[in-house]
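Chemist: Just one file: query-v4.pdb, with PDB, C-alpha atoms.
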ATOM      1  CA  MET A   1       5.442  24.327 -26.349  1.00  0.00           C
ATOM      2  CA  ALA A   2       7.957  23.149 -23.743  1.00  0.00           C
ATOM      3  CA  GLU A   3      10.546  20.570 -24.761  1.00  0.00           C
ATOM      4  CA  LYS A   4      10.284  17.204 -23.062  1.00  0.00           C
ATOM      5  CA  GLU A   5      13.200  16.282 -20.808  1.00  0.00           C
ATOM      6  CA  LEU A   6      15.338  13.416 -22.136  1.00  0.00           C
ATOM      7  CA  HIS A   7      16.466  10.612 -19.826  1.00  0.00           C
ATOM      8  CA  ASN A   8      18.424   7.398 -20.086  1.00  0.00           C
ATOM      9  CA  ARG A   9      16.838   4.187 -18.879  1.00  0.00           C
ATOM     10  CA  VAL A  10      18.485   0.775 -18.540  1.00  0.00           C
ATOM     11  CA  PHE A  11      16.334  -2.167 -19.621  1.00  0.00           C
ATOM     12  CA  GLN A  12      17.257  -5.766 -18.988  1.00  0.00           C
ATOM     13  CA  LEU A  13      15.724  -8.392 -21.221  1.00  0.00           C
ATOM     14  CA  LEU A  14      15.724 -12.170 -20.942  1.00  0.00           C
ATOM     15  CA  VAL A  15      15.250 -13.596 -24.427  1.00  0.00           C
ATOM     16  CA  ASP A  16      15.410 -16.934 -26.194  1.00  0.00           C
ATOM     17  CA  ASN A  17      18.965 -17.621 -27.341  1.00  0.00           C
ATOM     18  CA  THR A  18      18.055 -17.944 -31.016  1.00  0.00           C
ATOM     19  CA  SER A  19      19.639 -16.636 -34.177  1.00  0.00           C
ATOM     20  CA  GLY A  20      18.397 -13.209 -35.205  1.00  0.00           C
ATOM     21  CA  VAL A  21      16.963 -12.206 -31.817  1.00  0.00           C
ATOM     22  CA  LEU A  22      19.357  -9.272 -31.405  1.00  0.00           C
ATOM     23  CA  SER A  23      18.592  -8.143 -34.947  1.00  0.00           C
ATOM     24  CA  ARG A  24      14.847  -8.217 -34.292  1.00  0.00           C
ATOM     25  CA  ILE A  25      15.240  -6.179 -31.107  1.00  0.00           C
ATOM     26  CA  SER A  26      17.525  -3.580 -32.663  1.00  0.00           C
ATOM     27  CA  GLY A  27      15.239  -3.498 -35.718  1.00  0.00           C
ATOM     28  CA  LEU A  28      12.318  -2.528 -33.481  1.00  0.00           C
ATOM     29  CA  PHE A  29      14.354   0.439 -32.230  1.00  0.00           C
ATOM     30  CA  SER A  30      15.347   1.581 -35.719  1.00  0.00           C
ATOM     31  CA  ARG A  31      11.826   1.183 -37.197  1.00  0.00           C
ATOM     32  CA  ARG A  32      10.350   3.328 -34.443  1.00  0.00           C
ATOM     33  CA  GLY A  33      13.198   5.857 -34.386  1.00  0.00           C
ATOM     34  CA  TYR A  34      14.198   5.028 -30.799  1.00  0.00           C
ATOM     35  CA  ASN A  35      17.760   5.734 -29.729  1.00  0.00           C
ATOM     36  CA  ILE A  36      20.021   3.037 -28.272  1.00  0.00           C
ATOM     37  CA  GLU A  37      22.886   4.472 -26.211  1.00  0.00           C
ATOM     38  CA  SER A  38      24.397   1.010 -25.667  1.00  0.00           C
ATOM     39  CA  ILE A  39      23.421  -2.625 -26.040  1.00  0.00           C
ATOM     40  CA  THR A  40      25.141  -5.705 -24.643  1.00  0.00           C
ATOM     41  CA  ALA A  41      24.135  -9.333 -24.944  1.00  0.00           C
ATOM     42  CA  GLY A  42      25.401 -12.617 -23.588  1.00  0.00           C
ATOM     43  CA  THR A  43      24.242 -16.089 -22.672  1.00  0.00           C
ATOM     44  CA  THR A  44      23.028 -16.554 -19.093  1.00  0.00           C
ATOM     45  CA  ALA A  45      23.689 -19.513 -16.780  1.00  0.00           C
ATOM     46  CA  ASP A  46      20.960 -21.211 -18.844  1.00  0.00           C
ATOM     47  CA  PRO A  47      22.402 -21.580 -22.386  1.00  0.00           C
ATOM     48  CA  LYS A  48      18.892 -21.351 -23.895  1.00  0.00           C
ATOM     49  CA  ILE A  49      18.495 -17.774 -22.569  1.00  0.00           C
ATOM     50  CA  THR A  50      20.355 -14.567 -23.446  1.00  0.00           C
ATOM     51  CA  ARG A  51      20.473 -11.498 -21.196  1.00  0.00           C
ATOM     52  CA  ILE A  52      20.391  -8.217 -23.115  1.00  0.00           C
ATOM     53  CA  THR A  53      21.050  -4.891 -21.430  1.00  0.00           C
ATOM     54  CA  ILE A  54      19.897  -1.837 -23.366  1.00  0.00           C
ATOM     55  CA  VAL A  55      20.482   1.785 -22.405  1.00  0.00           C
ATOM     56  CA  ALA A  56      17.885   3.826 -24.263  1.00  0.00           C
ATOM     57  CA  SER A  57      17.280   7.561 -24.279  1.00  0.00           C
ATOM     58  CA  GLY A  58      14.115   9.561 -24.721  1.00  0.00           C
ATOM     59  CA  ASP A  59      11.405  11.380 -22.832  1.00  0.00           C
ATOM     60  CA  GLU A  60       9.191   9.474 -20.386  1.00  0.00           C
ATOM     61  CA  ASP A  61       6.546   8.712 -23.023  1.00  0.00           C
ATOM     62  CA  VAL A  62       9.118   7.297 -25.450  1.00  0.00           C
ATOM     63  CA  LEU A  63      10.796   5.194 -22.750  1.00  0.00           C
ATOM     64  CA  GLU A  64       7.455   3.721 -21.655  1.00  0.00           C
ATOM     65  CA  GLN A  65       6.626   2.975 -25.279  1.00  0.00           C
ATOM     66  CA  ILE A  66       9.990   1.239 -25.760  1.00  0.00           C
ATOM     67  CA  GLU A  67       9.279  -1.091 -22.850  1.00  0.00           C
ATOM     68  CA  LYS A  68       5.788  -1.912 -24.149  1.00  0.00           C
ATOM     69  CA  GLN A  69       7.007  -2.576 -27.699  1.00  0.00           C
ATOM     70  CA  VAL A  70       9.952  -4.748 -26.588  1.00  0.00           C
ATOM     71  CA  ARG A  71       7.604  -6.811 -24.379  1.00  0.00           C
ATOM     72  CA  LYS A  72       5.525  -7.707 -27.472  1.00  0.00           C
ATOM     73  CA  LEU A  73       8.424  -9.372 -29.315  1.00  0.00           C
ATOM     74  CA  ILE A  74       7.995 -13.133 -29.433  1.00  0.00           C
ATOM     75  CA  ASP A  75      11.524 -14.058 -28.248  1.00  0.00           C
ATOM     76  CA  VAL A  76      11.346 -11.755 -25.214  1.00  0.00           C
ATOM     77  CA  LYS A  77      10.598 -13.617 -21.981  1.00  0.00           C
ATOM     78  CA  ASP A  78      11.071 -10.791 -19.460  1.00  0.00           C
ATOM     79  CA  VAL A  79      11.720  -7.046 -19.490  1.00  0.00           C
ATOM     80  CA  HIS A  80      12.422  -4.872 -16.505  1.00  0.00           C
ATOM     81  CA  GLU A  81      14.119  -1.600 -15.768  1.00  0.00           C
ATOM     82  CA  LEU A  82      17.384  -1.672 -13.858  1.00  0.00           C
ATOM     83  CA  LYS A  83      17.025   1.290 -11.524  1.00  0.00           C
ATOM     84  CA  PRO A  84      20.314   2.931 -10.492  1.00  0.00           C
ATOM     85  CA  GLU A  85      19.556   2.793  -6.766  1.00  0.00           C
ATOM     86  CA  SER A  86      18.957  -0.975  -6.793  1.00  0.00           C
ATOM     87  CA  SER A  87      21.357  -2.192  -9.490  1.00  0.00           C
ATOM     88  CA  VAL A  88      25.040  -2.420 -10.308  1.00  0.00           C
ATOM     89  CA  PHE A  89      26.410  -1.413 -13.706  1.00  0.00           C
ATOM     90  CA  ARG A  90      29.784  -1.899 -15.326  1.00  0.00           C
ATOM     91  CA  GLU A  91      31.349  -1.162 -18.660  1.00  0.00           C
ATOM     92  CA  LEU A  92      34.671  -2.246 -20.125  1.00  0.00           C
ATOM     93  CA  ALA A  93      36.832   0.010 -22.251  1.00  0.00           C
ATOM     94  CA  MET A  94      40.125  -0.613 -23.995  1.00  0.00           C
ATOM     95  CA  VAL A  95      42.046   2.518 -24.863  1.00  0.00           C
ATOM     96  CA  LYS A  96      45.141   2.526 -27.067  1.00  0.00           C
ATOM     97  CA  VAL A  97      47.207   5.695 -26.647  1.00  0.00           C
ATOM     98  CA  LYS A  98      50.256   6.928 -28.446  1.00  0.00           C
ATOM     99  CA  ALA A  99      52.958   6.740 -25.795  1.00  0.00           C
ATOM    100  CA  ARG A 100      56.576   7.569 -26.260  1.00  0.00           C
ATOM    101  CA  GLU A 101      59.004   6.087 -23.772  1.00  0.00           C
ATOM    102  CA  GLU A 102      59.053   9.331 -21.747  1.00  0.00           C
ATOM    103  CA  ASP A 103      55.197   9.318 -21.534  1.00  0.00           C
ATOM    104  CA  ARG A 104      54.748   5.743 -20.355  1.00  0.00           C
ATOM    105  CA  GLN A 105      55.165   6.259 -16.616  1.00  0.00           C
ATOM    106  CA  ASN A 106      52.563   9.053 -16.613  1.00  0.00           C
ATOM    107  CA  VAL A 107      50.089   6.868 -18.524  1.00  0.00           C
ATOM    108  CA  ILE A 108      50.752   3.958 -16.138  1.00  0.00           C
ATOM    109  CA  THR A 109      50.201   6.226 -13.128  1.00  0.00           C
ATOM    110  CA  LEU A 110      46.927   7.495 -14.572  1.00  0.00           C
ATOM    111  CA  ALA A 111      45.782   3.933 -15.328  1.00  0.00           C
ATOM    112  CA  ASN A 112      46.653   2.866 -11.773  1.00  0.00           C
ATOM    113  CA  ILE A 113      44.630   5.727 -10.266  1.00  0.00           C
ATOM    114  CA  PHE A 114      41.593   4.420 -12.157  1.00  0.00           C
ATOM    115  CA  ARG A 115      42.458   0.782 -11.379  1.00  0.00           C
ATOM    116  CA  GLY A 116      43.101   0.121 -15.043  1.00  0.00           C
ATOM    117  CA  ASN A 117      45.387  -2.570 -16.395  1.00  0.00           C
ATOM    118  CA  ILE A 118      48.049  -2.162 -19.031  1.00  0.00           C
ATOM    119  CA  ILE A 119      47.265  -5.029 -21.392  1.00  0.00           C
ATOM    120  CA  ASP A 120      49.652  -4.250 -24.232  1.00  0.00           C
ATOM    121  CA  VAL A 121      52.805  -2.219 -24.701  1.00  0.00           C
ATOM    122  CA  ALA A 122      54.299  -1.647 -28.144  1.00  0.00           C
ATOM    123  CA  ALA A 123      57.130   0.559 -29.344  1.00  0.00           C
ATOM    124  CA  LYS A 124      54.852   3.578 -29.855  1.00  0.00           C
ATOM    125  CA  SER A 125      51.648   2.766 -27.974  1.00  0.00           C
ATOM    126  CA  MET A 126      50.070   1.355 -24.830  1.00  0.00           C
ATOM    127  CA  THR A 127      46.665  -0.253 -24.416  1.00  0.00           C
ATOM    128  CA  ILE A 128      44.798   0.159 -21.143  1.00  0.00           C
ATOM    129  CA  GLU A 129      41.813  -1.895 -19.974  1.00  0.00           C
ATOM    130  CA  ILE A 130      39.445  -0.158 -17.569  1.00  0.00           C
ATOM    131  CA  THR A 131      36.156  -1.278 -16.062  1.00  0.00           C
ATOM    132  CA  GLY A 132      33.609   0.660 -14.069  1.00  0.00           C
ATOM    133  CA  SER A 133      30.697   3.005 -14.463  1.00  0.00           C
ATOM    134  CA  GLN A 134      30.229   5.045 -17.623  1.00  0.00           C
ATOM    135  CA  THR A 135      31.152   8.133 -15.583  1.00  0.00           C
ATOM    136  CA  LYS A 136      34.448   6.600 -14.448  1.00  0.00           C
ATOM    137  CA  ILE A 137      35.380   5.595 -17.992  1.00  0.00           C
ATOM    138  CA  ASP A 138      34.404   9.017 -19.359  1.00  0.00           C
ATOM    139  CA  ALA A 139      36.574  10.676 -16.682  1.00  0.00           C
ATOM    140  CA  PHE A 140      39.542   8.435 -17.527  1.00  0.00           C
ATOM    141  CA  ILE A 141      39.239   9.177 -21.239  1.00  0.00           C
ATOM    142  CA  SER A 142      38.941  12.890 -20.482  1.00  0.00           C
ATOM    143  CA  LEU A 143      42.175  12.805 -18.477  1.00  0.00           C
ATOM    144  CA  LEU A 144      43.917  11.169 -21.418  1.00  0.00           C
ATOM    145  CA  SER A 145      43.251  14.292 -23.485  1.00  0.00           C
ATOM    146  CA  GLY A 146      46.944  15.187 -23.308  1.00  0.00           C
ATOM    147  CA  TYR A 147      47.734  12.000 -25.214  1.00  0.00           C
ATOM    148  CA  GLU A 148      46.661  10.944 -28.663  1.00  0.00           C
ATOM    149  CA  ILE A 149      44.029   8.210 -28.425  1.00  0.00           C
ATOM    150  CA  LEU A 150      44.726   5.887 -31.332  1.00  0.00           C
ATOM    151  CA  GLU A 151      41.853   3.471 -30.776  1.00  0.00           C
ATOM    152  CA  LEU A 152      38.987   3.144 -28.320  1.00  0.00           C
ATOM    153  CA  ALA A 153      36.614   0.203 -27.814  1.00  0.00           C
ATOM    154  CA  ARG A 154      33.767   0.257 -25.268  1.00  0.00           C
ATOM    155  CA  THR A 155      31.484  -2.659 -24.498  1.00  0.00           C
ATOM    156  CA  GLY A 156      28.428  -0.756 -23.375  1.00  0.00           C
ATOM    157  CA  VAL A 157      26.678  -1.170 -20.042  1.00  0.00           C
ATOM    158  CA  ALA A 158      26.090  -4.542 -18.400  1.00  0.00           C
ATOM    159  CA  GLY A 159      24.007  -4.587 -15.247  1.00  0.00           C
ATOM    160  CA  LEU A 160      22.278  -6.699 -12.641  1.00  0.00           C
ATOM    161  CA  CYS A 161      19.878  -5.979  -9.802  1.00  0.00           C
ATOM    162  CA  ARG A 162      21.429  -5.928  -6.350  1.00  0.00           C
ATOM    163  CA  GLY A 163      20.749  -8.791  -3.964  1.00  0.00           C
ATOM    164  CA  THR A 164      18.383 -11.676  -4.575  1.00  0.00           C
ATOM    165  CA  ASP A 165      14.995  -9.954  -4.795  1.00  0.00           C
ATOM    166  CA  ASN A 166      14.595  -9.753  -8.563  1.00  0.00           C
ATOM    167  CA  ILE A 167      16.231 -12.897  -9.949  1.00  0.00           C
ATOM    168  CA  MET A 168      14.229 -14.307 -12.845  1.00  0.00           C
ATOM    169  CA  TYR A 169      14.447 -17.647 -14.610  1.00  0.00           C
ATOM    170  CA  VAL A 170      12.665 -19.187 -17.565  1.00  0.00           C
ATOM    171  CA  ASP A 171      11.140 -22.645 -17.098  1.00  0.00           C
ATOM    172  CA  GLU A 172      10.935 -25.458 -19.677  1.00  0.00           C
ATOM    173  CA  ASP A 173       7.630 -24.030 -20.981  1.00  0.00           C
ATOM    174  CA  GLY A 174       9.195 -20.625 -21.627  1.00  0.00           C
ATOM    175  CA  LYS A 175       7.442 -18.916 -18.708  1.00  0.00           C
ATOM    176  CA  THR A 176       9.351 -16.569 -16.400  1.00  0.00           C
ATOM    177  CA  HIS A 177       9.353 -16.898 -12.637  1.00  0.00           C
ATOM    178  CA  HIS A 178      10.998 -15.170  -9.689  1.00  0.00           C
ATOM    179  CA  TYR A 179      13.743 -17.322  -8.255  1.00  0.00           C
ATOM    180  CA  GLU A 180      13.437 -17.727  -4.520  1.00  0.00           C
ATOM    181  CA  VAL A 181      16.791 -17.934  -2.769  1.00  0.00           C
ATOM    182  CA  SER A 182      16.579 -20.003   0.390  1.00  0.00           C
TER     183      SER A 182
END
Starting from the coordinates I provided, produce the structure as structure tokens.
Modeler:
Amino acid sequence: MAEKELHNRVFQLLVDNTSGVLSRISGLFSRRGYNIESITAGTTADPKITRITIVASGDEDVLEQIEKQVRKLIDVKDVHELKPESSVFRELAMVKVKAREEDRQNVITLANIFRGNIIDVAAKSMTIEITGSQTKIDAFISLLSGYEILELARTGVAGLCRGTDNIMYVDEDGKTHHYEVS
């Protein structure tokens, strides 16, 4: 029997901004044995609604099942896939590296190449902030392999559709609608 090919898919959810909603969504994934690569959540322009971006992995059947199961949750108002060709994605990483005085200029140069910012310098370390695609951040971390990474924090993927074609909002009755930009 041939193995099914695994993929990552980015789902964007609009959910009620209520306590426990993130726990219920992540609980669905753990109960069903689905894998979450990253999850980010934050309030939208409407404080009653939270936007959650989930990167999930699995074969096509599993990914379709994830979308169907998430749609059934009571707090979920909208679910759609953010396709790479019609969306923008960013991630934030903070990387603390061991940096002696003689190493600092090389670390600064590397951070500048990746448009990173030095956000903290201590006697024996430097902390760099970098934003971009997962690939960019992975490449930056890989190039730091000559330095000891003391701490690493990554936010996970946040994403939005490009342009104005797929903007959704939730009305007072909790129903979702496409927002028409005039």
Chemist: Decode the PyMOL selection byres ((chain A and resi 70-85) around 8) for the given file into explicit residues and return them as a VMD selection string.
Modeler: chain A and resid 9 to 16 21 25 28 66 to 69 86 to 88 159 to 161 170 174 to 176
Chemist: If I take atom CA of A:Asp61 and atom CA of A:His178, how far is one from the other in Å, to one decimal?
Modeler: 27.7 Å
Chemist: So that I can check the surroundings of A:Leu6, please list as a short mmCIF file (atom, residue, chain, number, x, y, z; two decimals) with C-alpha atoms, in the frame of the given file every protein, DNA and RNA residue that reaches within 12 Å of it, counting only C-alpha atoms and ignoring chain neighbours fewer than 2 positions away.
Modeler:
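Here's the written file around_7.cif:
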data_model
loop_
_atom_site.label_atom_id
_atom_site.label_comp_id
_atom_site.auth_asym_id
_atom_site.auth_seq_id
_atom_site.Cartn_x
_atom_site.Cartn_y
_atom_site.Cartn_z
CA GLU A 3 10.55 20.57 -24.76
CA LYS A 4 10.28 17.20 -23.06
CA ASN A 8 18.42 7.40 -20.09
CA ARG A 9 16.84 4.19 -18.88
CA ASN A 35 17.76 5.73 -29.73
CA ALA A 56 17.89 3.83 -24.26
CA SER A 57 17.28 7.56 -24.28
CA GLY A 58 14.12 9.56 -24.72
CA ASP A 59 11.40 11.38 -22.83
CA GLU A 60 9.19 9.47 -20.39
CA ASP A 61 6.55 8.71 -23.02
CA VAL A 62 9.12 7.30 -25.45
CA LEU A 63 10.80 5.19 -22.75
#
Chemist: Could you tell me, as number ranges by chain, which residues have any atom at most 10 Å from (55.1, 0.0, -26.2), counting only C-alpha atoms?
Modeler: A: 97-101, 104, 120-127
Chemist: How would the residues just picked look written out with C-alpha atoms as a PDB file, in the coordinates of the input?
Modeler:
ATOM      1  CA  VAL A  97      47.207   5.695 -26.647  1.00  0.00           C
ATOM      2  CA  LYS A  98      50.256   6.928 -28.446  1.00  0.00           C
ATOM      3  CA  ALA A  99      52.958   6.740 -25.795  1.00  0.00           C
ATOM      4  CA  ARG A 100      56.576   7.569 -26.260  1.00  0.00           C
ATOM      5  CA  GLU A 101      59.004   6.087 -23.772  1.00  0.00           C
ATOM      6  CA  ARG A 104      54.748   5.743 -20.355  1.00  0.00           C
ATOM      7  CA  ASP A 120      49.652  -4.250 -24.232  1.00  0.00           C
ATOM      8  CA  VAL A 121      52.805  -2.219 -24.701  1.00  0.00           C
ATOM      9  CA  ALA A 122      54.299  -1.647 -28.144  1.00  0.00           C
ATOM     10  CA  ALA A 123      57.130   0.559 -29.344  1.00  0.00           C
ATOM     11  CA  LYS A 124      54.852   3.578 -29.855  1.00  0.00           C
ATOM     12  CA  SER A 125      51.648   2.766 -27.974  1.00  0.00           C
ATOM     13  CA  MET A 126      50.070   1.355 -24.830  1.00  0.00           C
ATOM     14  CA  THR A 127      46.665  -0.253 -24.416  1.00  0.00           C
TER      15      THR A 127
END
Chemist: What is the distance between atom CA of A:Ile54 and atom CA of A:Glu37, in Å to one decimal?
Modeler: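 Atom CA of A:Ile54 sits 7.5 Å away from atom CA of A:Glu37.
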Chemist: Selection in question (the file shown): the PyMOL selection byres ((chain A and resi 114) around 8). Which residues does it include, as a ChimeraX atom specification?
Modeler: /A:110-113,115-116,130,136,140
Chemist: Counting only C-alpha atoms, write as number ranges by chain all protein and nucleic acid residues lying at most 12 Å from (15.0, -23.3, -14.4) in the file's frame.
Modeler: A: 44-49, 167-180
Chemist: Separation of atom CA of A:Gly146 and atom CA of A:Glu91, in Å?
Modeler: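 Taking atom CA of A:Gly146 and atom CA of A:Glu91, their separation equals 23.1 Å.
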Chemist: Tell me which of A:Asn17, A:Gln65, A:Thr131, A:Asn106 sits closest to A:Leu143, counting all atoms listed in the file.
Modeler: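 The shortest atom-to-atom distance to A:Leu143 comes from A:Asn106.
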Chemist: Run the PyMOL selection byres ((chain A and resi 39) around 8) mentally over the shown coordinates, then write out the matched residues as a PyMOL selection string, using the chain letters and numbers from the document.
Modeler: chain A and resi 36-38+40-41+52-55+156-157
Chemist: Pick from A:Asn117, A:Asp103, A:Ile128, A:Arg162: nearest to A:Tyr147, with all atoms listed in the file counted?
Modeler: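 So, comparing all the options, the nearest one is A:Asp103.
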Chemist: Of the candidates A:Arg32, A:Arg24, A:Arg154, A:His7, which one gets nearest to A:Gly132 if we count only C-alpha atoms?
Modeler: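 Nearest candidate to A:Gly132 out of A:Arg32, A:Arg24, A:Arg154, A:His7: A:Arg154.
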Chemist: Restricting the calculation to all atoms listed in the file, which member of A:Glu129, A:Glu151, A:Thr135, A:Ile108 is positioned closest to A:Lys96?
Modeler: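 The answer is A:Glu151, which sits nearest to A:Lys96.
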